[in-house]
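Colleague: Just dropping this structure here.
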Amino acid sequence: MSVSRVTAVLAPRSGMLTLALALAVLATCAGTAGAQESNGLWVAPERAARQTDPTPPTVSNIKHGRSLFQRECELCHGKSGHGDGMQAAYLQPPKPADLTSEKVQSQSDGAIFYKITEGRGQMPKAKLNDAEKWAVIEYVRTLAKK
């Protein structure tokens, strides 16, 4: 097959690829636009925020959540969840949240689940299954300031 024939075959496809990529970027931006307010606060979409934990908190789930937190979250959020983990000082804003704060603790379980699932900026999307995410949330609830 000649170079001109290959170019003729691939040229329309590269245009379609460019269009598909542009649509994907727009869809991603539109999907995250509802998750943030203009003042920079990270707000979960209302539908996500209404989601509830399908399992009641148990000692076993909380212990499992603690173990997962230590493995997946502690480097940034710190041992006690204050946002002061070993990596926190090296991260660009927004810094890791203080999970003990009223600002976090007043959020619904669904809002926290959404944020763990989606990630933002330097906070990666969790590599946990749904049951593990709920267990982490159950543990995070135990960190509330007394």
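How things are named: the first chain in the structure tokens is A, the next is B, and so on; residues count from 1 in each chain; ligands count from 1 in the order shown.
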For Asp98 in chain A, find every residue with an atom within 10 Å (counting only C-alpha atoms), except residues of its own chain fewer than 5 positions away, and show them as an NGL selection string.

Modeller: :A and (77-78 or 80-84 or 103-105 or 143-144)

Colleague: Any chance you could export the current selection's N, CA and C atoms as a tab-separated table (two decimals), in the first residue's frame?

Modeller:
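The resulting file, out.tsv, is reproduced below:
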chain	number	residue	atom	x	y	z
A	77	HIS	N	-3.31	12.06	54.72
A	77	HIS	CA	-4.25	12.56	55.74
A	77	HIS	C	-3.72	12.41	57.17
A	78	GLY	N	-2.64	11.64	57.36
A	78	GLY	CA	-2.04	11.50	58.67
A	78	GLY	C	-2.67	10.40	59.51
A	80	SER	N	-3.95	10.42	62.46
A	80	SER	CA	-5.20	10.80	63.13
A	80	SER	C	-6.17	11.51	62.20
A	81	GLY	N	-5.83	11.60	60.92
A	81	GLY	CA	-6.74	12.19	59.94
A	81	GLY	C	-6.75	13.70	59.88
A	82	HIS	N	-5.73	14.36	60.43
A	82	HIS	CA	-5.69	15.83	60.48
A	82	HIS	C	-5.16	16.48	59.20
A	83	GLY	N	-4.86	15.66	58.18
A	83	GLY	CA	-4.33	16.22	56.93
A	83	GLY	C	-2.85	16.52	57.02
A	84	ASP	N	-2.18	15.90	57.98
A	84	ASP	CA	-0.77	16.19	58.25
A	84	ASP	C	0.13	14.98	58.04
A	103	LYS	N	-16.17	20.46	59.15
A	103	LYS	CA	-16.38	20.64	57.71
A	103	LYS	C	-16.50	19.29	57.00
A	104	VAL	N	-15.66	18.34	57.38
A	104	VAL	CA	-15.70	17.01	56.77
A	104	VAL	C	-16.77	16.15	57.45
A	105	GLN	N	-16.76	16.15	58.77
A	105	GLN	CA	-17.67	15.27	59.51
A	105	GLN	C	-19.15	15.61	59.26
A	143	LEU	N	-13.13	9.42	63.75
A	143	LEU	CA	-12.08	10.43	63.94
A	143	LEU	C	-12.62	11.79	64.34
A	144	ALA	N	-13.92	11.93	64.38
A	144	ALA	CA	-14.53	13.24	64.69
A	144	ALA	C	-13.94	13.82	65.97

Colleague: Quick check, in Å to one decimal: how far apart do CA of Pro57 in chain A and CA of Pro94 in chain A lie?

Modeller: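 Computing the Euclidean distance for CA of Pro57 in chain A and CA of Pro94 in chain A yields 29.8 Å.
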
Colleague: Could you give me, as a list in words, the residues within 9 Å of Leu68 in chain A, counting only C-alpha atoms and dropping anything in the same chain fewer than 4 positions from it?

Modeller: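 Residues near the query, excluding close chain neighbours: Lys63, His64, Glu72, Cys73, Leu128, Glu132, Lys133, Ala135 and Val136 of chain A.
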
Colleague: Could you jot down the CA of Leu41 in chain A to CA of Tyr90 in chain A separation for me, Å, one decimal place?

Modeller: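 Spanning CA of Leu41 in chain A to CA of Tyr90 in chain A is a straight-line distance of 21.1 Å.
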
Colleague: When distances are computed from only C-alpha atoms, which of A:Gln92, A:Gly121, A:Val140, A:Trp134 shows the smallest separation from Pro56 in chain A?

Modeller: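 Of the candidates, the smallest distance to Pro56 in chain A is held by A:Trp134.
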
Colleague: CA of Ala97 in chain A to CA of Gly110 in chain A: how many Å, to one decimal?

Modeller: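 Rounded to one decimal, the two atoms are 16.7 Å apart.
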
Colleague: Taking only C-alpha atoms into account, name the residue in A:Lys145, A:Glu102, A:Tyr139, A:Lys115 that is nearest to Arg66 in chain A.

Modeller: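 Checking each candidate against Arg66 in chain A, we get A:Tyr139 as the closest.
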
Colleague: Residues within 12 Å of Arg47 in chain A, please, as a list of chain:residue names. Count only C-alpha atoms; anything in the same chain fewer than 3 positions from it doesn't count.

Modeller: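 Non-adjacent residues within range: A:Gly34, A:Ala35, A:Val43, A:Ala44, A:Arg50, A:Gln51, A:Thr52, A:Ser108, A:Gly110, A:Ala111, A:Phe113, A:Tyr114.
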
Colleague: Take the residues from that selection and put them in a file with C-alpha atoms, as a CSV table (one decimal), in the first residue's frame.

Modeller:
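The resulting part-v4.csv:
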chain,number,residue,atom,x,y,z
A,34,GLY,CA,-21.2,19.9,39.2
A,35,ALA,CA,-18.9,18.7,41.9
A,43,VAL,CA,-19.0,19.7,46.8
A,44,ALA,CA,-20.4,16.3,45.8
A,50,ARG,CA,-27.8,11.2,49.0
A,51,GLN,CA,-26.2,7.8,48.7
A,52,THR,CA,-26.2,5.9,52.0
A,108,SER,CA,-23.0,13.0,54.2
A,110,GLY,CA,-22.5,9.7,50.2
A,111,ALA,CA,-20.6,12.9,49.7
A,113,PHE,CA,-18.0,8.1,49.1
A,114,TYR,CA,-18.2,10.3,46.0

Colleague: With only C-alpha atoms as the atoms that count, which of A:Pro124, A:Arg141, A:Ile116, A:Ser60 lies nearest to Thr100 in chain A?

Modeller: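 For Thr100 in chain A, the nearest of the given residues is A:Arg141.
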